[in-house]
Each structure stands twice: as C-alpha cells, then as structure tokens.
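Report on the following structure.
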Amino acid sequence: MKRQIQASGVERMMRENDFIVSKTDAKGIITYGNPIFIEFSGYTEEELLGTQHNIVRHPDMPRSAFKLAWDTIQSGQEFFGYVKNMAKDGSHYWVFTHITPDFDQRRNIVGYTSVRRCPKRDAVAKIEPVYRQMLQAEHSAGARDAIGAGTKVLVDLLNQTGMSYEELVFSL
Ligand SMILES: Cc1cc2nc3c(=O)[nH]c(=O)nc-3n(C[C@H](O)[C@H](O)[C@H](O)COP(=O)(O)O)c2cc1C
C-alpha cells in the first residue's frame, strides 16, 4: 500500500553521471531497481520490489502527464519526459526519463524499462510552470474530467508552438 508522505520541499540533485534505472512488469510493478534508484528513492530494495512505480510519485505531478506516458509506452513506443519524483523522506528529485517497452518474441509487451538522467536545470524551470498549469486544470475540472483538462493545457501549448510533444521536450 502507498504510504502518505508529506512533501518536504527539500530538493536532491542527480549527479552528472548518474543513471537511475528501474524495470517494471506490464502493470508498472517494480521488478528491478539499480543502486542509484534505491539511493534516490530512499527505500530499501525489499520495499521497492513488487510495489507500484507510483511509490515515488510527487503530488506536484499532473495525472495527465502519466496518462500520456502510459498511452505512449502501451502503444509500443518510447517515452521521454521530465518527472519530479518524491523520496521516502518527502524530498524530491527531478529526472529526465526515457521509458521503453520490453517485448517478448511475439512482440507482446511484457514490461517496461526506465533510464533517468540528470535533467538540465533550465529545462526543469521551463516544464515546471507547464505541469503547474496542468495540475491546476485537473483540480478545477474535478476527478472525472481531470485527465482531459490537464491534457488540454499541454495540447493547447503544442498547438501554439507548432511542435509535437517530443519536439517540445527536446527543445527545453
Ligand atoms: C518503467 C516505468 C517507470 C516509471 N517511473 C515513474 C517515476 O519515476 N515516477 C512516477 O511518479 N511514476 C513513474 N511511472 C508511472 C507510474 O506507474 C504511475 O503511472 C504514476 O506514478 C501515476 O500514479 P497514479 O496513477 O497512482 O497517480 C513509471 C512507470 C513505468 C512503467
């Protein structure tokens, strides 16, 4: 079960050469975490394995951002994005994530692998207000329409800039 953790506002920075790696089954249940994932998450390996990956979800992250991630990887494509994660002690750490599906020989998706690198600071500064707007739209829309409202903020931004989601992410 997910514990109620209060965000502390304390930020931890990934180091330039860090890679946070985790693997999940097809439902997002953690099956592997490298030592740097264990270090940054603040959980033990026993606490992480067998747990939903939302264990490190930060309340500042909009649900619509994860919907986009899941829609992308479940369709067999790779996903790139900036994510604010929360550690067991309530501190947070920003990552630039790349999630790829793992296929069996018949091309069924059997799980996912995520590799996260140290994000560029100015990219975090640019994406943070977008996530804030998406989250705000989700909250004012109410639970049932939240995903649609959050997604609309992102789609409107993409339409304004004329970029695809991936182009936006790599332009940050
Ligand atoms: C391989 C993989 C890695 C993921 N990494 C993260 C992550 O670092 N942080 C996070 O909040 N969610 C991550 N997720 C998404 C979570 O499974 C979940 O969708 C998200 O935290 C939203 O949780 P919620 O649906 O309970 O709100 C990952 C999913 C997969 C498949």
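To be explicit about the labels: the chains of the structure tokens are called A, B, and onward in the order shown, and within each one the residues are counted from 1, while ligands get numbers from 1 in the order they are shown.
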
Exercise. Which residues form the shell of 8 Å around ligand 1 when you count only C-alpha atoms and all ligand atoms, given as a PyMOL selection string?
Worked result: chain A and resi 22-30+52-58+61+63+66-67+69-70+73+83-86+95+97+99-101+111-114

For this session: Find the residue from A:Pro119, A:Gly81, A:Gly142, A:Gly50 that sits nearest to Met14 of chain A; use only C-alpha atoms when measuring.
Result: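 Counting only C-alpha atoms, the residue closest to Met14 of chain A is A:Pro119.
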
For the structure I just gave you, how does DSSP split chain A - specifically, which residues are helix (DSSP H, G or I)? Reply as a compact mmCIF listing (two decimals) with N, CA and C atoms, in the first residue's frame.
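The file below, out-v3.txt, is the result:
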# COMPACT_ATOMS: atom_id res chain seq x y z
N PRO A 35 21.22 0.47 -7.89
CA PRO A 35 21.58 1.08 -6.60
C PRO A 35 21.30 2.57 -6.55
N ILE A 36 21.40 3.29 -7.67
CA ILE A 36 21.15 4.74 -7.64
C ILE A 36 19.66 5.02 -7.48
N PHE A 37 18.81 4.16 -8.04
CA PHE A 37 17.36 4.30 -7.81
C PHE A 37 17.06 4.09 -6.32
N ILE A 38 17.67 3.08 -5.76
CA ILE A 38 17.46 2.78 -4.34
C ILE A 38 17.93 3.97 -3.49
N GLU A 39 19.11 4.51 -3.84
CA GLU A 39 19.65 5.65 -3.11
C GLU A 39 18.70 6.86 -3.17
N PHE A 40 18.28 7.24 -4.38
CA PHE A 40 17.47 8.46 -4.52
C PHE A 40 16.05 8.28 -3.98
N SER A 41 15.50 7.08 -4.11
CA SER A 41 14.13 6.86 -3.64
C SER A 41 14.06 6.85 -2.11
N GLU A 45 15.61 -2.01 -1.19
CA GLU A 45 15.26 -2.83 -2.35
C GLU A 45 14.01 -3.66 -2.06
N GLU A 46 13.91 -4.18 -0.83
CA GLU A 46 12.74 -5.00 -0.45
C GLU A 46 11.45 -4.18 -0.51
N GLU A 47 11.55 -2.89 -0.11
CA GLU A 47 10.35 -2.04 -0.14
C GLU A 47 9.93 -1.72 -1.58
N LEU A 48 10.92 -1.65 -2.48
CA LEU A 48 10.61 -1.25 -3.86
C LEU A 48 10.09 -2.40 -4.72
N HIS A 53 4.99 1.53 -9.33
CA HIS A 53 6.00 2.57 -9.51
C HIS A 53 5.53 3.94 -9.03
N ASN A 54 4.24 4.08 -8.77
CA ASN A 54 3.78 5.37 -8.23
C ASN A 54 4.24 5.59 -6.79
N ILE A 55 5.01 4.66 -6.23
CA ILE A 55 5.57 4.84 -4.88
C ILE A 55 6.43 6.11 -4.82
N VAL A 56 7.03 6.52 -5.96
CA VAL A 56 7.85 7.73 -5.96
C VAL A 56 7.12 8.92 -6.60
N ARG A 63 -1.67 14.19 -13.25
CA ARG A 63 -2.04 12.84 -13.68
C ARG A 63 -1.98 12.71 -15.19
N SER A 64 -2.33 13.81 -15.89
CA SER A 64 -2.36 13.77 -17.36
C SER A 64 -0.97 13.52 -17.95
N ALA A 65 0.09 13.90 -17.23
CA ALA A 65 1.45 13.63 -17.72
C ALA A 65 1.71 12.13 -17.73
N PHE A 66 1.23 11.44 -16.70
CA PHE A 66 1.42 9.98 -16.64
C PHE A 66 0.52 9.26 -17.64
N LYS A 67 -0.66 9.85 -17.88
CA LYS A 67 -1.56 9.26 -18.88
C LYS A 67 -0.88 9.26 -20.24
N LEU A 68 -0.25 10.39 -20.57
CA LEU A 68 0.47 10.49 -21.84
C LEU A 68 1.59 9.46 -21.90
N ALA A 69 2.32 9.33 -20.78
CA ALA A 69 3.43 8.36 -20.73
C ALA A 69 2.91 6.95 -20.96
N TRP A 70 1.84 6.58 -20.26
CA TRP A 70 1.30 5.22 -20.38
C TRP A 70 0.72 4.96 -21.77
N ASP A 71 -0.02 5.96 -22.32
CA ASP A 71 -0.58 5.78 -23.67
C ASP A 71 0.55 5.52 -24.67
N THR A 72 1.67 6.23 -24.48
CA THR A 72 2.79 6.12 -25.42
C THR A 72 3.45 4.75 -25.30
N ILE A 73 3.78 4.34 -24.08
CA ILE A 73 4.53 3.08 -23.94
C ILE A 73 3.64 1.87 -24.19
N GLN A 74 2.35 1.99 -23.84
CA GLN A 74 1.45 0.85 -24.10
C GLN A 74 1.21 0.65 -25.59
N ARG A 121 18.86 22.09 -15.84
CA ARG A 121 18.14 22.96 -14.89
C ARG A 121 17.18 23.90 -15.60
N ASP A 122 17.61 24.43 -16.74
CA ASP A 122 16.70 25.38 -17.40
C ASP A 122 15.51 24.67 -18.02
N ALA A 123 15.68 23.39 -18.36
CA ALA A 123 14.53 22.62 -18.87
C ALA A 123 13.52 22.40 -17.73
N VAL A 124 14.03 22.09 -16.55
CA VAL A 124 13.14 21.91 -15.38
C VAL A 124 12.39 23.21 -15.11
N ALA A 125 13.12 24.32 -15.19
CA ALA A 125 12.49 25.63 -14.93
C ALA A 125 11.40 25.93 -15.95
N LYS A 126 11.55 25.41 -17.18
CA LYS A 126 10.54 25.66 -18.22
C LYS A 126 9.34 24.72 -18.10
N ILE A 127 9.59 23.47 -17.70
CA ILE A 127 8.49 22.50 -17.67
C ILE A 127 7.66 22.63 -16.39
N GLU A 128 8.30 23.13 -15.33
CA GLU A 128 7.60 23.23 -14.03
C GLU A 128 6.30 24.04 -14.13
N PRO A 129 6.34 25.25 -14.74
CA PRO A 129 5.08 26.01 -14.84
C PRO A 129 4.03 25.33 -15.72
N VAL A 130 4.48 24.54 -16.71
CA VAL A 130 3.52 23.81 -17.56
C VAL A 130 2.81 22.76 -16.72
N TYR A 131 3.59 22.00 -15.92
CA TYR A 131 2.98 20.99 -15.05
C TYR A 131 2.04 21.66 -14.03
N ARG A 132 2.46 22.84 -13.54
CA ARG A 132 1.62 23.53 -12.55
C ARG A 132 0.26 23.88 -13.17
N GLN A 133 0.30 24.37 -14.41
CA GLN A 133 -0.96 24.71 -15.11
C GLN A 133 -1.80 23.46 -15.36
N MET A 134 -1.13 22.37 -15.73
CA MET A 134 -1.86 21.12 -15.99
C MET A 134 -2.53 20.64 -14.71
N LEU A 135 -1.79 20.71 -13.60
CA LEU A 135 -2.31 20.27 -12.31
C LEU A 135 -3.50 21.13 -11.87
N GLN A 136 -3.34 22.45 -12.08
CA GLN A 136 -4.41 23.39 -11.72
C GLN A 136 -5.68 23.07 -12.51
N ALA A 137 -5.50 22.82 -13.81
CA ALA A 137 -6.65 22.50 -14.67
C ALA A 137 -7.30 21.20 -14.20
N GLU A 138 -6.48 20.24 -13.81
CA GLU A 138 -7.02 18.96 -13.31
C GLU A 138 -7.85 19.19 -12.04
N HIS A 139 -7.30 20.00 -11.13
CA HIS A 139 -8.00 20.25 -9.86
C HIS A 139 -9.32 20.98 -10.10
N SER A 140 -9.30 22.00 -10.99
CA SER A 140 -10.55 22.73 -11.15
C SER A 140 -11.58 21.94 -11.96
N ALA A 141 -11.14 20.96 -12.74
CA ALA A 141 -12.10 20.18 -13.53
C ALA A 141 -12.80 19.12 -12.68
N ALA A 143 -12.41 15.25 -10.46
CA ALA A 143 -11.80 13.95 -10.74
C ALA A 143 -12.16 13.37 -12.10
N ARG A 144 -13.44 13.46 -12.47
CA ARG A 144 -13.88 12.76 -13.68
C ARG A 144 -13.30 13.36 -14.96
N ASP A 145 -13.16 14.70 -14.96
CA ASP A 145 -12.68 15.36 -16.18
C ASP A 145 -11.23 15.81 -16.08
N ALA A 146 -10.55 15.39 -15.00
CA ALA A 146 -9.21 15.90 -14.72
C ALA A 146 -8.23 15.62 -15.85
N ILE A 147 -8.18 14.37 -16.30
CA ILE A 147 -7.19 14.00 -17.31
C ILE A 147 -7.39 14.83 -18.59
N GLY A 148 -8.64 14.95 -19.00
CA GLY A 148 -8.95 15.71 -20.21
C GLY A 148 -8.52 17.17 -20.06
N ALA A 149 -8.80 17.75 -18.90
CA ALA A 149 -8.48 19.16 -18.69
C ALA A 149 -6.96 19.38 -18.65
N GLY A 150 -6.25 18.48 -17.98
CA GLY A 150 -4.79 18.60 -17.91
C GLY A 150 -4.16 18.41 -19.28
N THR A 151 -4.67 17.43 -20.02
CA THR A 151 -4.15 17.16 -21.36
C THR A 151 -4.38 18.36 -22.28
N LYS A 152 -5.53 19.01 -22.10
CA LYS A 152 -5.86 20.17 -22.97
C LYS A 152 -4.82 21.28 -22.81
N VAL A 153 -4.35 21.49 -21.58
CA VAL A 153 -3.32 22.52 -21.36
C VAL A 153 -2.10 22.21 -22.21
N LEU A 154 -1.69 20.95 -22.21
CA LEU A 154 -0.50 20.55 -22.97
C LEU A 154 -0.77 20.65 -24.48
N VAL A 155 -1.92 20.16 -24.91
CA VAL A 155 -2.26 20.19 -26.35
C VAL A 155 -2.33 21.64 -26.84
N ASP A 156 -2.93 22.54 -26.03
CA ASP A 156 -3.00 23.96 -26.42
C ASP A 156 -1.60 24.52 -26.59
N LEU A 157 -0.71 24.17 -25.68
CA LEU A 157 0.67 24.66 -25.75
C LEU A 157 1.36 24.14 -27.02
N LEU A 158 1.13 22.87 -27.33
CA LEU A 158 1.74 22.28 -28.53
C LEU A 158 1.19 22.97 -29.78
N ASN A 159 -0.11 23.24 -29.78
CA ASN A 159 -0.71 23.92 -30.93
C ASN A 159 -0.13 25.32 -31.11
N GLN A 160 0.05 26.02 -29.96
CA GLN A 160 0.63 27.38 -30.02
C GLN A 160 2.03 27.37 -30.59
N THR A 161 2.81 26.36 -30.19
CA THR A 161 4.22 26.35 -30.59
C THR A 161 4.42 25.61 -31.92
N TYR A 165 4.81 16.69 -29.06
CA TYR A 165 5.25 16.57 -27.66
C TYR A 165 6.76 16.31 -27.58
N GLU A 166 7.24 15.39 -28.42
CA GLU A 166 8.68 15.06 -28.38
C GLU A 166 9.54 16.25 -28.76
N GLU A 167 9.09 17.00 -29.77
CA GLU A 167 9.86 18.19 -30.17
C GLU A 167 9.91 19.19 -29.03
N LEU A 168 8.78 19.34 -28.32
CA LEU A 168 8.75 20.26 -27.18
C LEU A 168 9.76 19.82 -26.12
N VAL A 169 9.72 18.52 -25.76
CA VAL A 169 10.60 18.00 -24.71
C VAL A 169 12.06 18.24 -25.08
N PHE A 170 12.40 17.99 -26.34
CA PHE A 170 13.81 18.14 -26.72
C PHE A 170 14.20 19.58 -27.00
N SER A 171 13.21 20.48 -27.03
CA SER A 171 13.54 21.90 -27.23
C SER A 171 13.81 22.60 -25.89

Residues near Arg12 of chain A, cut-off 9 Å, only C-alpha atoms, skip fewer than 4 positions along chain, as a PDB file with C-alpha atoms, in the first residue's frame:
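Heads up, here's the output in out38.pdb:
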ATOM      1  CA  PHE A  40      17.466   8.455  -4.518  1.00  0.00           C
ATOM      2  CA  SER A  91      12.401  15.253  -0.546  1.00  0.00           C
ATOM      3  CA  HIS A  92      12.180  15.476  -4.315  1.00  0.00           C
ATOM      4  CA  TYR A  93      14.465  14.941  -7.281  1.00  0.00           C
ATOM      5  CA  TRP A  94      13.914  15.892 -10.915  1.00  0.00           C
TER       6      TRP A  94
END
